[in-house]
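**Student:** Dropping a structure here in structure tokens format, bear with me for questions.
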Amino acid sequence: MTPSIKTWLIISLIINFAGIVALAGVIWWMGGLEQVLTKFNRRGLSQEYELMRNQLAMLPTDSVDILLLGNSLTNHGAWEEWLPGYSIANRGISGEGIEGLTDRLEDYQALAPGLVFTMIGINDLFYHEPSWLKERFPTLLARLQKTYPQSKLVFQSILPVNNSVMNTGLSNQSIAKLNKELEALVKENGHHFLDLSNGFQDSEGNLKSSWTNDGLHLNGPAYQFWAGQIRKIAEQIGKE
């Protein structure tokens with residue numbers, strides 16, 4: 001092997017090694033390989049999202065007792081079965097973020113709901129810093145007030161995750177801090193805040209491992225508890 005070829009081979013190996021190290025660093029920064037794959041998979045949700053939004057906007061507009069707004073956590077709940085006695089419109093969409101939700105509020109204005117329950121934010125944290133999300137909460141709240149002036153508004157806390165079950169790349173400390181800031185904003189504007197944190201988290205502040213199989217989404221016992229909390233605050237508001 002000539003000296004020049006040997007030199008270029010060494011340079012090539014160094015460059016390749018540096019590239020591998022850089023790629024590993026990016027993957028680590030994004031929360032690990034599982035989280036990177038999750039983010040790429042979420043890109044495929046855009047078409048599904050638009051199809052679901054279009055369908056939900058076309059549904060009957062009879063007035064309801066409760067309107068539920070949110071992402072897949074809301075969407076997956078069998079709310080009418082969990083909350084008999086209430087007429088319910090579930091308008092959660094998988095993959096939803098705060099800007100998408102803000103943009104589609106008027107789609108359901110004709111429902112004239114007595115109560116509007118909103119949970120949003122976890123998907124945004126996959127792509128943005130908590131400060132980005134915090135800056136957009138006032139806009140969402142103002143739009144809710146304008147769109148549903150006769151409704152009682154209930155914001156629900158962002159649920160914790162469990163990175164031991166599966167690494168989500170999200171921080172429960174950041175989620176808890178955001179919830180405190182959201183609670184203050186909601187109460188300052190005279191609305192209701194449903195803090196679900198204590199019921200959903202274990203002693204270490206993680207989503208209960210028995211209530212999830214991927215560290216993020218919920219199973220039956222989790223929805224049963226959540227529905228009970230919705231019923232409780234709905235009854236309290238009804239007595240006001």
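We label chains A, B, ... in the order they appear in the structure tokens, count residues from 1 in each chain, and number ligands from 1 in the order shown.
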Please identify the strand (DSSP E or B) residues within segment 72-215 of chain A (assignment by DSSP from backbone atoms) and present them as a count of residues only.

**Tutor:** 19

**Student:** Determine, for each residue of segment 111-157 of chain A having at least one atom at most 12 Å from an atom of segment 214-223 of chain A, the closest pair of atoms and their separation in Å to one decimal, counting only C-alpha atoms; order by chain and ascending number, as a tab-separated table.

**Tutor:**
```
residue	atom	partner	partner_atom	distance
A:Ile122	CA	A:Leu216	CA	9.1
A:Asn123	CA	A:Leu216	CA	10.3
A:Phe126	CA	A:Leu216	CA	11.9
```

**Student:** Generate the output file for the selected residues, N, CA and C atoms, as a PDB file, in the first residue's frame.

**Tutor:**
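This went into selection.pdb:
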```pdb
ATOM      1  N   ILE A 122     -48.543  17.279  25.497  1.00  0.00           N
ATOM      2  CA  ILE A 122     -47.513  16.243  25.557  1.00  0.00           C
ATOM      3  C   ILE A 122     -46.841  16.040  24.197  1.00  0.00           C
ATOM      4  N   ASN A 123     -47.603  16.088  23.111  1.00  0.00           N
ATOM      5  CA  ASN A 123     -47.000  15.902  21.785  1.00  0.00           C
ATOM      6  C   ASN A 123     -46.079  17.053  21.409  1.00  0.00           C
ATOM      7  N   PHE A 126     -42.415  16.748  22.373  1.00  0.00           N
ATOM      8  CA  PHE A 126     -41.525  15.905  21.576  1.00  0.00           C
ATOM      9  C   PHE A 126     -40.690  16.744  20.612  1.00  0.00           C
TER      10      PHE A 126
END
```

**Student:** Just the number, please: distance in Å from atom CA of Lys146 of chain A to atom CA of Trp79 of chain A, one decimal.

**Tutor:**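 According to the coordinates, atom CA of Lys146 of chain A and atom CA of Trp79 of chain A are separated by 25.6 Å.
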
**Student:** For Gly70 of chain A, which residue out of A:Ser131, A:Ser157, A:Asn179, A:Gln145 is the nearest one, using only C-alpha atoms?

**Tutor:** A:Ser157

**Student:** For Asn71 of chain A, work out the shell of residues within 10 Å, counting only C-alpha atoms and skipping chain neighbours fewer than 2 positions away, then give it as an NGL selection string.

**Tutor:** :A and (68-69 or 73-76 or 91-98 or 101 or 118-123)

**Student:** Let me make sure I understand: among A:His192, A:Lys232, A:Lys187, A:Lys152, which one has the smallest atom-to-atom distance to Gly114 of chain A if we use only C-alpha atoms?

**Tutor:** A:Lys152

**Student:** Find the residues around segment 159-167 of chain A up to 9 Å (only C-alpha atoms counted), leave out those fewer than 3 positions away in its own chain, and share them as a short mmCIF file (atom, residue, chain, number, x, y, z; two decimals) with N, CA and C atoms, in the first residue's frame.

**Tutor:**
```cif
data_model
loop_
_atom_site.label_atom_id
_atom_site.label_comp_id
_atom_site.auth_asym_id
_atom_site.auth_seq_id
_atom_site.Cartn_x
_atom_site.Cartn_y
_atom_site.Cartn_z
N GLY A 31 -33.19 11.86 22.82
CA GLY A 31 -33.88 10.98 23.76
C GLY A 31 -33.65 9.51 23.54
N GLY A 32 -32.71 9.14 22.68
CA GLY A 32 -32.44 7.73 22.44
C GLY A 32 -33.06 7.24 21.14
N LEU A 33 -32.65 6.05 20.73
CA LEU A 33 -33.10 5.50 19.44
C LEU A 33 -34.61 5.33 19.38
N GLU A 34 -35.22 4.84 20.47
CA GLU A 34 -36.67 4.64 20.48
C GLU A 34 -37.40 5.95 20.24
N GLN A 35 -36.89 7.02 20.86
CA GLN A 35 -37.54 8.31 20.71
C GLN A 35 -37.36 8.87 19.30
N MET A 119 -57.13 18.82 27.42
CA MET A 119 -55.80 18.35 27.80
C MET A 119 -54.93 18.38 26.55
N ILE A 122 -48.54 17.28 25.50
CA ILE A 122 -47.51 16.24 25.56
C ILE A 122 -46.84 16.04 24.20
N GLN A 156 -57.05 20.40 32.01
CA GLN A 156 -56.52 19.25 32.74
C GLN A 156 -54.99 19.24 32.64
N LEU A 170 -38.92 12.50 27.39
CA LEU A 170 -39.56 13.64 28.05
C LEU A 170 -39.21 13.66 29.53
N SER A 171 -39.24 14.85 30.10
CA SER A 171 -38.89 15.04 31.51
C SER A 171 -40.13 15.30 32.34
N ASN A 172 -40.35 14.48 33.36
CA ASN A 172 -41.49 14.70 34.25
C ASN A 172 -41.33 15.97 35.07
N GLN A 173 -40.10 16.38 35.33
CA GLN A 173 -39.88 17.63 36.04
C GLN A 173 -40.35 18.81 35.20
N ILE A 175 -42.64 18.65 32.85
CA ILE A 175 -44.09 18.54 32.78
C ILE A 175 -44.73 19.10 34.04
N ALA A 176 -44.17 18.77 35.20
CA ALA A 176 -44.72 19.27 36.47
C ALA A 176 -44.63 20.79 36.54
N LEU A 196 -54.51 16.12 37.59
CA LEU A 196 -54.56 14.66 37.60
C LEU A 196 -53.25 14.03 38.06
N SER A 197 -52.25 14.85 38.33
CA SER A 197 -50.90 14.35 38.59
C SER A 197 -50.85 13.32 39.71
N PHE A 200 -52.21 9.86 38.87
CA PHE A 200 -51.56 9.12 37.79
C PHE A 200 -50.11 8.76 38.07
N GLN A 201 -49.48 9.42 39.01
CA GLN A 201 -48.05 9.19 39.20
C GLN A 201 -47.75 8.30 40.39
N GLY A 205 -42.90 10.17 40.90
CA GLY A 205 -43.39 11.15 39.94
C GLY A 205 -43.54 10.65 38.53
N ASN A 206 -43.44 9.33 38.33
CA ASN A 206 -43.61 8.74 37.01
C ASN A 206 -45.05 8.27 36.81
N LEU A 207 -45.49 8.20 35.56
CA LEU A 207 -46.77 7.57 35.26
C LEU A 207 -46.74 6.14 35.79
N LYS A 208 -47.78 5.75 36.48
CA LYS A 208 -47.81 4.41 37.07
C LYS A 208 -47.56 3.35 36.00
N SER A 209 -46.60 2.48 36.24
CA SER A 209 -46.23 1.47 35.25
C SER A 209 -47.38 0.49 34.98
N THR A 212 -49.79 1.73 31.92
CA THR A 212 -49.30 1.99 30.58
C THR A 212 -48.44 0.83 30.09
N ASN A 213 -48.38 0.66 28.78
CA ASN A 213 -47.46 -0.35 28.24
C ASN A 213 -46.39 0.25 27.34
N ASP A 214 -46.45 1.59 27.18
CA ASP A 214 -45.42 2.24 26.37
C ASP A 214 -44.87 3.51 27.03
N GLY A 215 -45.22 3.72 28.29
CA GLY A 215 -44.71 4.88 29.02
C GLY A 215 -45.48 6.15 28.79
N LEU A 216 -46.49 6.11 27.90
CA LEU A 216 -47.22 7.32 27.52
C LEU A 216 -48.72 7.11 27.45
N HIS A 217 -49.16 6.11 26.70
CA HIS A 217 -50.59 5.87 26.52
C HIS A 217 -51.15 5.04 27.67
#
```

**Student:** Please report the interatomic distance between atom CA of Thr147 of chain A and atom CA of Phe117 of chain A in Å with one decimal.

**Tutor:**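 These two atoms are separated by 13.7 Å.
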
**Student:** Nearest to Leu111 of chain A: which of A:Asp62, A:Glu135, A:Glu129, A:Glu80 is it, counting only C-alpha atoms?

**Tutor:**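 For Leu111 of chain A, the nearest of the given residues is A:Asp62.
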
**Student:** Could you pull out the residues in segment 84-123 of chain A that DSSP calls helix (DSSP H, G or I) from the backbone, as a list in words?

**Tutor:** Ile98, Glu99, Gly100, Leu101, Thr102, Asp103, Arg104, Leu105, Glu106, Asp107, Tyr108, Gln109, Ala110 and Leu111 of chain A

**Student:** Once you have the residues from the selection above, write them out as a short mmCIF file (atom, residue, chain, number, x, y, z; two decimals), in the first residue's frame, restricted to N, CA and C atoms.

**Tutor:**
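Output saved as part07.cif:
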```
data_model
loop_
_atom_site.label_atom_id
_atom_site.label_comp_id
_atom_site.auth_asym_id
_atom_site.auth_seq_id
_atom_site.Cartn_x
_atom_site.Cartn_y
_atom_site.Cartn_z
N ILE A 98 -50.83 21.87 20.42
CA ILE A 98 -51.56 23.05 20.89
C ILE A 98 -51.99 23.96 19.74
N GLU A 99 -51.17 24.11 18.72
CA GLU A 99 -51.55 24.99 17.61
C GLU A 99 -52.67 24.39 16.77
N GLY A 100 -52.61 23.08 16.54
CA GLY A 100 -53.68 22.43 15.79
C GLY A 100 -55.00 22.51 16.52
N LEU A 101 -54.96 22.30 17.83
CA LEU A 101 -56.19 22.36 18.62
C LEU A 101 -56.77 23.77 18.61
N THR A 102 -55.91 24.76 18.79
CA THR A 102 -56.36 26.15 18.78
C THR A 102 -57.05 26.47 17.46
N ASP A 103 -56.53 25.92 16.39
CA ASP A 103 -57.03 26.23 15.05
C ASP A 103 -58.38 25.59 14.76
N ARG A 104 -58.73 24.50 15.46
CA ARG A 104 -59.98 23.79 15.11
C ARG A 104 -61.10 23.97 16.12
N LEU A 105 -60.96 24.86 17.08
CA LEU A 105 -61.98 25.02 18.11
C LEU A 105 -63.34 25.40 17.53
N GLU A 106 -63.35 26.24 16.52
CA GLU A 106 -64.62 26.70 15.96
C GLU A 106 -65.38 25.58 15.24
N ASP A 107 -64.70 24.48 14.93
CA ASP A 107 -65.38 23.36 14.27
C ASP A 107 -66.51 22.81 15.13
N TYR A 108 -66.43 23.03 16.45
CA TYR A 108 -67.39 22.40 17.37
C TYR A 108 -68.21 23.42 18.15
N GLN A 109 -68.20 24.65 17.68
CA GLN A 109 -68.90 25.72 18.38
C GLN A 109 -70.39 25.45 18.51
N ALA A 110 -70.98 24.84 17.49
CA ALA A 110 -72.42 24.58 17.50
C ALA A 110 -72.84 23.56 18.55
N LEU A 111 -71.90 22.84 19.12
CA LEU A 111 -72.24 21.86 20.15
C LEU A 111 -72.71 22.52 21.44
#
```

**Student:** With only C-alpha atoms as the basis for distance, which of A:Val116, A:Leu59, A:Ile233, A:Ala184 is at the shortest distance from Leu144 of chain A?

**Tutor:**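 Ranking A:Val116, A:Leu59, A:Ile233, A:Ala184 by distance to Leu144 of chain A, first place goes to A:Val116.
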
**Student:** Rounded to one decimal, what separation in Å do you get between atom CA of Thr168 of chain A and atom CA of Tyr127 of chain A?

**Tutor:** 11.9 Å

**Student:** Smallest atom-to-atom distance to Pro60 of chain A: which of A:Leu83, A:Phe137, A:Ala142, A:Ala89, using only C-alpha atoms?

**Tutor:**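 For Pro60 of chain A, the nearest of the given residues is A:Ala89.
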